[in-house]
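So this one's upload27.cif, mmCIF, C-alpha atoms and all ligand atoms:
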data_model
loop_
_atom_site.label_atom_id
_atom_site.label_comp_id
_atom_site.auth_asym_id
_atom_site.auth_seq_id
_atom_site.Cartn_x
_atom_site.Cartn_y
_atom_site.Cartn_z
CA MET A 180 162.15 106.38 44.08
CA ALA A 181 163.64 103.35 45.80
CA GLU A 182 162.52 103.91 49.35
CA HIS A 183 164.34 102.46 52.29
CA ASP A 184 161.32 100.36 53.23
CA ASP A 185 160.77 99.03 49.72
CA LEU A 186 164.33 97.81 49.56
CA ALA A 187 163.85 95.72 52.68
CA GLN A 188 161.34 93.67 50.69
CA LEU A 189 163.89 92.75 48.03
CA ILE A 190 166.60 90.15 47.99
CA ALA A 191 169.54 89.93 45.59
CA CYS A 192 171.19 86.60 44.91
CA PRO A 193 174.71 86.96 46.30
CA HIS A 194 176.09 84.75 43.52
CA CYS A 195 174.52 86.19 40.39
CA ASP A 196 172.92 89.47 41.49
CA ALA A 197 169.39 88.48 40.35
CA LEU A 198 166.81 90.54 42.16
CA TYR A 199 163.67 89.10 43.79
CA HIS A 200 160.82 90.10 46.03
CA VAL A 201 161.10 88.36 49.35
CA ARG A 202 158.41 85.75 49.92
CA LEU A 203 159.18 83.44 52.76
CA PRO A 204 158.95 79.79 51.65
CA GLU A 205 156.81 77.29 53.53
CA GLU A 206 158.36 75.35 56.36
CA GLY A 207 160.73 72.75 54.94
CA GLU A 208 160.86 74.39 51.50
CA ARG A 209 163.54 76.56 50.04
CA ALA A 210 163.57 79.70 47.96
CA VAL A 211 166.02 79.08 45.14
CA CYS A 212 167.50 81.60 42.72
CA GLY A 213 165.83 81.00 39.38
CA ARG A 214 168.96 81.93 37.51
CA CYS A 215 171.88 80.20 39.24
CA HIS A 216 169.96 77.83 41.53
CA SER A 217 171.64 78.98 44.74
CA VAL A 218 169.52 78.53 47.84
CA LEU A 219 168.45 81.97 49.01
CA ILE A 220 166.14 81.26 51.94
CA ARG A 221 165.72 78.03 53.85
CA PRO A 222 163.66 78.61 56.98
CA ARG A 223 163.49 75.96 59.68
CA LYS A 224 161.33 76.01 62.76
CA ARG A 225 163.33 76.25 65.97
CA ALA A 226 166.51 76.38 63.88
CA GLY A 227 167.93 78.96 66.26
CA MET A 228 167.58 76.78 69.33
CA ARG A 229 168.98 73.78 67.52
CA ILE A 230 171.99 75.72 66.30
CA ILE A 231 172.67 77.07 69.79
CA MET A 232 172.56 73.59 71.27
CA ILE A 233 174.84 72.22 68.57
CA ALA A 234 177.21 75.14 69.04
CA ALA A 235 177.36 74.52 72.79
CA ALA A 236 178.09 70.85 72.17
CA VAL A 237 180.80 71.77 69.66
CA ALA A 238 182.44 74.12 72.16
CA VAL A 239 182.48 71.44 74.88
CA LEU A 240 183.78 68.80 72.48
CA VAL A 241 186.58 71.00 71.14
CA VAL A 242 187.77 71.84 74.64
CA GLY A 243 187.51 68.18 75.62
CA ALA A 244 189.18 66.89 72.48
CA VAL A 245 192.13 69.17 73.09
CA TRP A 246 193.07 67.60 76.41
CA PHE A 247 192.31 63.92 76.03
CA PRO A 248 194.62 61.64 74.05
CA PHE A 249 193.62 61.23 70.51
CA LEU A 250 195.59 58.35 69.13
CA ARG A 251 198.08 56.02 70.79
CA ILE A 252 200.84 54.29 68.94
CA SER A 253 203.06 51.53 70.19
CA ARG A 254 205.87 49.49 68.82
CA ALA A 255 208.68 47.46 70.38
CA GLY A 256 207.98 48.67 73.90
CA PHE A 257 207.83 52.35 73.02
CA SER A 258 204.52 54.11 72.96
CA ASN A 259 203.31 57.60 72.34
CA ASP A 260 200.03 59.46 72.84
CA ALA A 261 198.99 62.20 70.50
CA THR A 262 196.64 64.92 71.66
CA LEU A 263 194.85 67.27 69.34
CA LEU A 264 196.86 70.22 70.56
CA GLY A 265 200.04 68.19 70.23
CA THR A 266 199.07 67.42 66.65
CA ALA A 267 198.35 71.02 65.90
CA LEU A 268 201.66 72.09 67.39
CA SER A 269 203.68 69.25 65.90
CA PHE A 270 205.56 71.34 63.38
CA GLY A 271 207.89 72.56 66.10
CA THR A 272 210.20 75.50 65.64
CA GLY A 273 211.62 77.33 62.66
CA PRO A 274 209.57 78.37 59.64
CA LEU A 275 207.40 75.28 60.02
CA ALA A 276 206.09 76.78 63.27
CA LEU A 277 203.90 78.94 61.04
CA LEU A 278 202.17 75.73 60.09
CA SER A 279 201.56 74.95 63.72
CA VAL A 280 199.79 78.27 64.08
CA ALA A 281 197.69 77.64 60.98
CA VAL A 282 196.76 74.09 61.95
CA THR A 283 195.89 75.12 65.53
CA LEU A 284 193.62 77.79 64.12
CA MET A 285 191.95 75.53 61.58
CA ILE A 286 191.19 72.57 63.82
CA VAL A 287 190.89 74.05 67.32
CA LEU A 288 190.52 77.79 67.60
CA LEU A 289 188.30 78.60 64.64
CA PRO A 290 185.70 75.86 65.29
CA LEU A 291 185.59 77.01 68.91
CA THR A 292 185.36 80.69 67.98
CA ARG A 293 182.55 80.01 65.51
CA ALA A 294 180.58 78.07 68.10
CA LEU A 295 180.90 80.85 70.67
CA LEU A 296 180.03 83.56 68.13
CA LEU A 297 176.89 81.71 67.06
CA ILE A 298 175.74 81.35 70.66
CA TYR A 299 176.40 85.04 71.23
CA VAL A 300 174.48 86.07 68.10
CA LEU A 301 171.55 83.67 68.23
CA GLY A 302 170.98 83.56 72.00
CA PRO A 303 168.91 86.76 72.28
CA ILE A 304 167.11 86.08 68.98
CA VAL A 305 165.87 82.69 70.15
CA PHE A 306 164.47 84.21 73.32
CA ASP A 307 162.90 87.13 71.41
CA ARG A 308 165.17 89.73 72.92
CA ALA A 309 166.84 92.60 71.11
CA PRO A 310 170.07 91.48 69.38
CA ARG A 311 173.32 92.15 71.20
CA VAL A 312 175.26 95.27 70.32
CA LEU A 313 177.99 93.42 68.46
CA ALA A 314 175.73 90.71 67.03
CA ARG A 315 176.09 91.90 63.44
CA PRO A 316 179.90 92.08 63.27
CA ALA A 317 179.99 88.83 65.25
CA PHE A 318 177.82 87.00 62.72
CA ARG A 319 179.77 88.49 59.85
CA LEU A 320 182.99 87.22 61.41
CA SER A 321 181.49 83.80 62.01
CA GLU A 322 180.50 83.55 58.35
CA ALA A 323 183.90 84.76 57.17
CA LEU A 324 185.63 82.10 59.28
CA ARG A 325 183.50 79.28 57.94
CA PRO A 326 185.73 78.11 55.08
CA TRP A 327 188.79 78.21 57.36
CA SER A 328 187.34 75.99 60.04
CA MET A 329 188.46 72.57 58.84
CA GLY A 330 187.42 69.96 61.37
CA GLU A 331 185.88 67.58 58.86
CA ILE A 332 188.96 67.66 56.66
CA PHE A 333 191.14 66.90 59.66
CA ALA A 334 188.94 63.88 60.43
CA LEU A 335 189.50 62.44 56.96
CA GLY A 336 193.20 63.20 57.43
CA CYS A 337 193.15 60.96 60.52
CA ALA A 338 191.82 58.08 58.49
CA VAL A 339 194.61 58.47 55.94
CA ALA A 340 197.24 58.79 58.68
CA LEU A 341 196.00 55.62 60.36
CA VAL A 342 196.54 53.63 57.21
CA LYS A 343 199.96 55.17 56.71
CA VAL A 344 201.31 54.03 60.07
CA ALA A 345 199.45 50.73 60.16
CA ASP A 346 202.48 48.74 59.04
CA LEU A 347 204.91 50.80 61.08
CA ALA A 348 203.35 50.33 64.51
CA GLN A 349 200.23 49.42 66.45
CA LEU A 350 197.52 52.01 66.86
CA SER A 351 194.60 52.55 69.20
CA PHE A 352 192.03 55.30 69.49
CA GLY A 353 191.73 57.59 72.51
CA PRO A 354 188.56 59.28 73.77
CA ALA A 355 189.35 62.48 71.90
CA PHE A 356 189.14 60.65 68.61
CA TRP A 357 185.48 59.83 69.22
CA MET A 358 184.77 63.31 70.51
CA PHE A 359 186.24 64.68 67.35
CA SER A 360 184.20 62.39 65.14
CA ALA A 361 181.00 63.55 66.89
CA LEU A 362 182.12 67.12 66.41
CA VAL A 363 182.47 66.64 62.68
CA VAL A 364 178.93 65.30 62.37
CA LEU A 365 177.57 68.17 64.47
CA THR A 366 179.36 70.77 62.38
CA VAL A 367 177.87 69.38 59.18
CA VAL A 368 174.35 69.34 60.68
CA GLN A 369 174.84 72.89 61.92
CA ASP A 370 175.85 74.20 58.53
CA ARG A 371 172.77 72.62 56.97
CA THR A 372 170.44 74.08 59.59
CA LEU A 373 171.74 77.61 59.55
CA ASP A 374 169.70 79.89 57.29
CA ARG A 375 171.84 82.98 56.83
CA TRP A 376 169.04 85.11 55.47
CA SER A 377 166.78 84.46 58.45
CA VAL A 378 169.57 85.40 60.84
CA TRP A 379 170.29 88.64 59.00
CA GLN A 380 166.61 89.36 58.88
CA ALA A 381 166.42 88.96 62.65
CA LEU A 382 169.40 91.26 63.08
CA GLU A 383 167.88 93.96 60.86
CA PRO A 384 167.51 97.24 62.77
CA GLN A 385 163.83 97.47 61.75
CA PRO A 386 162.51 94.00 60.95
CA LEU A 387 159.89 93.37 58.27
CA PRO A 388 156.24 93.62 59.34
CA PRO A 389 154.87 90.11 60.01
CA GLN A 390 152.37 89.96 57.12
CA ASP A 391 155.25 89.77 54.67
CA HIS A 392 156.35 86.49 56.13
CA ALA A 393 153.69 84.54 54.30
CA ALA A 394 153.44 83.03 50.86
CA ALA A 395 155.46 80.74 48.69
CA ILE A 396 158.59 81.42 46.74
CA ALA A 397 160.67 84.31 45.58
CA ASP A 398 159.55 85.69 42.21
CA PRO A 399 161.38 88.04 39.90
CA ALA A 400 161.33 91.63 40.98
CA SER A 401 161.29 92.63 37.33
CA ARG A 402 157.53 92.30 37.32
CA ALA A 403 157.02 94.89 39.96
CA GLY A 404 160.45 96.44 39.90
CA THR A 405 161.16 99.90 41.16
CA PRO A 406 164.19 101.31 39.36
CA ALA A 407 165.81 104.09 41.32
CA MET B 297 157.82 84.28 33.86
CA SER B 298 160.39 86.75 32.65
CA ALA B 299 164.03 86.25 33.49
CA PRO B 300 165.07 88.02 36.66
CA ARG B 301 167.03 91.17 36.20
CA SER B 302 170.01 92.04 38.29
CA ALA B 303 170.15 94.42 41.20
CA ARG B 304 172.55 96.55 39.20
CA GLU B 305 170.06 96.92 36.34
CA ALA B 306 167.52 98.05 38.89
CA GLY B 307 169.91 100.75 40.06
CA LEU B 308 170.67 98.95 43.27
CA VAL B 309 173.79 97.62 44.89
CA ALA B 310 173.50 94.26 46.61
CA CYS B 311 175.30 93.07 49.69
CA THR B 312 176.90 89.71 48.93
CA ARG B 313 177.09 88.79 52.61
CA CYS B 314 173.47 89.26 53.65
CA SER B 315 171.74 89.74 50.25
CA ARG B 316 170.14 93.04 51.25
CA VAL B 317 169.94 95.71 48.52
CA TRP B 318 170.64 99.43 48.76
CA PRO B 319 170.46 102.39 46.38
CA MET B 320 173.43 102.49 44.00
CA GLY B 321 176.28 104.41 45.56
CA THR B 322 175.66 103.30 49.13
CA GLU B 323 179.03 102.49 50.65
CA ARG B 324 178.20 100.31 53.61
CA CYS B 325 175.45 97.76 54.12
CA GLY B 326 173.09 99.07 56.78
CA ARG B 327 172.24 95.58 57.88
CA CYS B 328 175.54 93.72 58.21
CA GLY B 329 178.06 96.53 57.82
CA SER B 330 179.91 95.05 54.83
CA HIS B 331 181.54 97.29 52.28
CA LEU B 332 179.32 97.46 49.18
CA VAL B 333 180.42 97.35 45.55
CA SER B 334 178.11 96.64 42.66
CA ARG B 335 180.89 94.89 40.76
CA ASP B 336 184.29 94.68 42.31
CA SER B 337 186.48 96.10 39.56
CA ARG B 338 189.68 95.11 41.33
CA SER B 339 188.38 91.62 41.93
CA LEU B 340 190.21 90.14 38.96
CA SER B 341 193.60 91.58 39.85
CA ARG B 342 193.29 90.17 43.35
CA VAL B 343 192.24 86.82 41.90
CA TRP B 344 195.35 86.74 39.72
CA ALA B 345 197.68 87.92 42.48
CA TRP B 346 196.61 85.13 44.86
CA TRP B 347 196.53 82.66 41.98
CA LEU B 348 200.14 83.42 41.10
CA ALA B 349 201.22 83.25 44.74
CA GLY B 350 199.48 79.88 45.05
CA LEU B 351 201.16 78.56 41.92
CA MET B 352 204.57 79.75 43.07
CA CYS B 353 204.14 77.84 46.33
CA TYR B 354 202.78 74.77 44.60
CA ILE B 355 205.98 74.15 42.62
CA PRO B 356 208.35 73.82 45.63
CA ALA B 357 205.61 71.91 47.43
CA ASN B 358 206.08 69.15 44.88
CA MET B 359 209.87 69.28 44.70
CA TYR B 360 210.82 69.14 48.38
CA PRO B 361 210.04 66.31 50.79
CA MET B 362 206.77 66.43 52.66
CA LEU B 363 207.69 63.75 55.19
CA VAL B 364 210.96 62.37 56.53
CA THR B 365 210.57 58.93 58.08
CA SER B 366 213.43 57.56 60.15
CA THR B 367 213.47 53.99 61.41
CA LEU B 368 216.26 52.04 63.10
CA MET B 369 217.91 51.19 59.83
CA SER B 370 217.18 53.95 57.47
CA SER B 371 215.81 57.36 56.82
CA GLN B 372 213.53 58.06 53.93
CA SER B 373 211.96 61.21 52.63
CA ASN B 374 208.83 61.40 50.53
CA THR B 375 207.45 64.07 48.30
CA ILE B 376 203.68 64.45 48.00
CA VAL B 377 203.41 62.26 44.94
CA GLY B 378 206.00 59.81 46.26
CA GLY B 379 204.06 59.36 49.50
CA ALA B 380 200.83 58.70 47.67
CA ILE B 381 202.44 56.20 45.32
CA GLU B 382 204.01 54.44 48.27
CA LEU B 383 200.59 54.08 49.89
CA VAL B 384 199.21 52.53 46.74
CA GLU B 385 202.17 50.16 46.46
CA HIS B 386 201.75 49.11 50.10
CA GLY B 387 198.29 47.83 49.34
CA ALA B 388 196.35 50.88 50.49
CA PRO B 389 195.00 52.21 47.20
CA VAL B 390 192.07 54.15 48.67
CA PRO B 391 194.03 56.43 51.04
CA GLY B 392 196.70 56.74 48.37
CA LEU B 393 194.12 57.91 45.89
CA ILE B 394 192.60 60.33 48.42
CA VAL B 395 195.98 61.96 48.92
CA LEU B 396 196.68 61.96 45.21
CA VAL B 397 193.33 63.54 44.39
CA ALA B 398 193.49 66.07 47.22
CA SER B 399 197.09 67.11 46.64
CA VAL B 400 197.51 66.85 42.90
CA CYS B 401 194.23 66.68 40.99
CA ILE B 402 192.34 69.25 43.08
CA PRO B 403 195.10 71.91 43.19
CA ILE B 404 195.90 71.62 39.48
CA GLY B 405 192.23 71.51 38.56
CA LYS B 406 191.71 74.55 40.72
CA PHE B 407 194.48 76.56 39.06
CA ILE B 408 193.00 75.78 35.66
CA ALA B 409 189.41 76.45 36.73
CA ILE B 410 190.13 79.80 38.37
CA ALA B 411 192.20 80.93 35.40
CA TRP B 412 189.44 79.88 33.01
CA LEU B 413 186.78 81.71 35.03
CA ALA B 414 188.85 84.87 35.28
CA LEU B 415 189.70 84.84 31.57
CA SER B 416 186.14 84.07 30.54
CA VAL B 417 184.88 87.11 32.44
CA ARG B 418 187.34 89.42 30.76
CA ARG B 419 186.99 88.07 27.23
CA GLY B 420 183.37 87.17 27.31
CA SER B 421 182.68 83.51 26.95
CA ARG B 422 180.32 81.34 25.02
CA ALA B 423 180.16 78.86 27.89
CA GLN B 424 176.87 78.96 29.69
CA PRO B 425 176.92 81.19 32.75
CA ARG B 426 175.20 78.48 34.71
CA ARG B 427 177.97 76.05 33.94
CA ARG B 428 180.62 78.57 34.88
CA GLN B 429 178.79 79.31 38.11
CA HIS B 430 178.77 75.59 38.76
CA VAL B 431 182.53 75.34 38.21
CA TYR B 432 183.03 78.24 40.59
CA GLU B 433 180.94 76.60 43.30
CA ILE B 434 182.86 73.36 42.95
CA VAL B 435 186.16 75.24 43.20
CA GLU B 436 185.00 77.05 46.33
CA TYR B 437 183.64 73.92 47.93
CA ILE B 438 186.42 71.53 47.15
CA GLY B 439 189.49 73.76 47.52
CA ARG B 440 189.72 73.43 51.29
CA TRP B 441 189.96 69.66 51.05
CA SER B 442 193.49 69.92 49.67
CA MET B 443 194.55 70.75 53.21
CA ILE B 444 194.20 67.08 54.08
CA ASP B 445 197.79 66.22 53.29
CA VAL B 446 199.05 68.89 55.66
CA PHE B 447 196.89 67.44 58.42
CA VAL B 448 198.17 63.96 57.67
CA VAL B 449 201.72 65.22 58.10
CA ALA B 450 200.78 66.95 61.36
CA ILE B 451 199.13 63.82 62.73
CA LEU B 452 202.01 61.57 61.72
CA THR B 453 204.57 63.94 63.20
CA ALA B 454 202.77 64.14 66.52
CA LEU B 455 202.09 60.43 66.60
CA VAL B 456 205.16 58.69 65.33
CA GLN B 457 207.77 59.75 67.86
CA LEU B 458 208.96 56.37 69.11
CA ASN B 459 212.42 57.35 70.14
CA VAL B 460 214.92 55.57 67.89
CA VAL B 461 212.52 52.91 66.65
CA ALA B 462 210.64 55.13 64.29
CA SER B 463 210.02 58.81 63.94
CA ILE B 464 208.50 61.10 61.36
CA HIS B 465 209.35 64.72 60.73
CA PRO B 466 207.76 67.26 58.41
CA GLY B 467 209.64 68.49 55.38
CA PRO B 468 209.68 72.01 53.91
CA ALA B 469 207.09 71.04 51.31
CA ALA B 470 204.43 70.94 54.06
CA LEU B 471 204.69 74.68 54.55
CA ALA B 472 204.82 75.44 50.83
CA PHE B 473 201.81 73.24 50.19
CA ALA B 474 199.74 74.73 53.00
CA LEU B 475 200.50 78.23 51.72
CA SER B 476 199.55 77.17 48.22
CA VAL B 477 196.16 75.90 49.45
CA ILE B 478 195.55 79.06 51.47
CA PHE B 479 196.49 81.35 48.58
CA THR B 480 194.27 79.56 46.08
CA MET B 481 191.38 79.68 48.55
CA LEU B 482 191.89 83.44 48.80
CA SER B 483 192.07 83.63 45.01
CA ALA B 484 188.72 81.87 44.64
CA GLN B 485 187.17 84.03 47.35
CA ALA B 486 188.35 87.19 45.61
CA PHE B 487 186.43 86.27 42.46
CA ASP B 488 183.16 88.17 42.15
CA SER B 489 180.87 85.54 40.64
CA ARG B 490 178.27 88.15 39.70
CA MET B 491 180.54 89.07 36.79
CA ILE B 492 179.79 85.69 35.22
CA TRP B 493 176.22 86.83 34.68
CA ASP B 494 176.87 90.35 33.49
CA ARG B 495 177.23 89.50 29.78
CA ILE B 496 173.67 88.33 29.45
CA ASP B 497 172.50 91.30 31.48
CA GLU B 498 174.28 93.65 29.10
CA ALA B 499 173.01 91.81 26.05
CA ARG B 500 169.46 92.26 27.25
CA ALA B 501 169.82 95.87 28.32
ZN ZN C 601 171.48 83.55 41.64
ZN ZN C 602 174.86 93.25 54.17
#

Mind converting the file's structure to structure tokens?
Amino acid sequence: MAEHDDLAQLIACPHCDALYHVRLPEEGERAVCGRCHSVLIRPRKRAGMRIIMIAAAVAVLVVGAVWFPFLRISRAGFSNDATLLGTALSFGTGPLALLSVAVTLMIVLLPLTRALLLIYVLGPIVFDRAPRVLARPAFRLSEALRPWSMGEIFALGCAVALVKVADLAQLSFGPAFWMFSALVVLTVVQDRTLDRWSVWQALEPQPLPPQDHAAAIADPASRAGTPA
Amino acid sequence: MSAPRSAREAGLVACTRCSRVWPMGTERCGRCGSHLVSRDSRSLSRVWAWWLAGLMCYIPANMYPMLVTSTLMSSQSNTIVGGAIELVEHGAPVPGLIVLVASVCIPIGKFIAIAWLALSVRRGSRAQPRRRQHVYEIVEYIGRWSMIDVFVVAILTALVQLNVVASIHPGPAALAFALSVIFTMLSAQAFDSRMIWDRIDEARA
């Protein structure tokens, strides 16, 4: 007897499979799974617009950070500039070239791709238009890429590398280093702002009627469950 | 308030990507288009396959040099552990420890944690599901950070190219280590954490 419409009112915790009725939490609050404590819903006002702006900034910064020098090293009259792309491609030829591909993806291409995908997906939603045709696969891809986009790890890597060469030569930062640091902060803020459930809800072919977007917190479906 | 029951007990299959539920037997999520399985029965074999691949790459990653540093006088190659110890000895204990934690403690801890989770699902475990879920989340969150040593090598290689004065080149261990990190990330992603909670579901049913 599980009707299509009834099922749209339910939410299953993706981590432990616990089933709940959807009740949208108040602004600033979160709906948390009672069993495994994962955050299920975390609505934020104007989150869409904020994420789009962050994503646009990330895209600009990645493109900028690729071209400007990143770190400069000098010793005994020799000096060398490192760019982000140069760093990503530093493994040269042979089997280690595979690493160049992986590093380029992780620190340049995937952050950029994710930013563009998010703009593509959220743009129409923010302006109350119908979602784009490919919005759903695009958001799915963006989510799948998330663990592989490693800007913040690269930033910590820079800090370690700086210490490593400190006694070998003199170092100075280029503009791209600061761009990249800003990018890391933005990415972290973006991940905290993005409420996956709200996005999927907005991409739903037939969205929930508005009166369901009211009360407090998710409660167990077992009380009013509808076994099929 | 009664404990929540699972989507499976309710005769539903849940989408782990967008948390929408569908009648049991639905093959594709109508909202996000993901393939739906109530419990991924092949999950564990994929976990073990990636786990083994990761372990097999981790061994050479520690035996071969990660970095080859050449200066005017000498050329020196460092393994992962050697490089970290050198940092500590050169009066930089914090970065040394970061590398040591990211490249040794995290990978080894991860191998043990994933194996424990996978075994505990198959055998049934007395450990609290909540604690196991917690371990799984830590593994998923922290695993990517092992990549830091690969990035350090990339940065150093791009940076330290001062003709004959000093230059740094990557060693074969960099590739092996990166593969090991990637494989263990895939192993953790393959694990279906809903299986952690199934025992108590079955006990109640
Ligand atoms: Zn849960
Ligand atoms: Zn779905």

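With all atoms listed in the file counted, the chains near ligand ZN 601 (chain C) contribute these residues within 8 Å: Ala191, Cys192, Pro193, His194, Cys195, Asp196, Ala197, Val211, Cys212, Gly213, Arg214, Cys215, His216 and Ser217 of chain A.
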
Item to check | Within-9 Å shell of (169.4, 93.2, 44.8) in input frame, all atoms listed in the file, as a VMD selection string | outcome: (chain A and resid 186 189 to 193 196 to 199) or (chain B and resid 302 to 304 306 to 311 315 to 318)

Go through chain A residue by residue and, counting all atoms listed in the file, keep those with an atom at most 10 Å from ligand ZN 602 (chain C); for each kept residue give the shortest atom pair and its distance in Å to one decimal, ordered by chain and increasing number, as a tab-separated table.
residue	atom	partner	partner_atom	distance
A:Arg315	CA	C:ZN602	ZN	9.4
A:Arg319	CA	C:ZN602	ZN	8.9
A:Trp379	CA	C:ZN602	ZN	8.1
A:Glu383	CA	C:ZN602	ZN	9.7

Next on the checklist: Can you tell me which residues surround Ile233 (chain A) at a distance of at most 9 Å, considering only C-alpha atoms, apart from same-chain residues fewer than 5 positions away, and format the answer as a VMD selection string?
Outcome noted: chain A and resid 228 238 294 365 to 366 368 to 369

Checklist entry - Near region 339-355 of chain B, within 9 Å and counting all atoms listed in the file, which residues show up once chain neighbours fewer than 6 positions away are dropped, as an MDAnalysis selection string? => result chainID B and resid 403 407 410:411 414 417:418 469 471:488
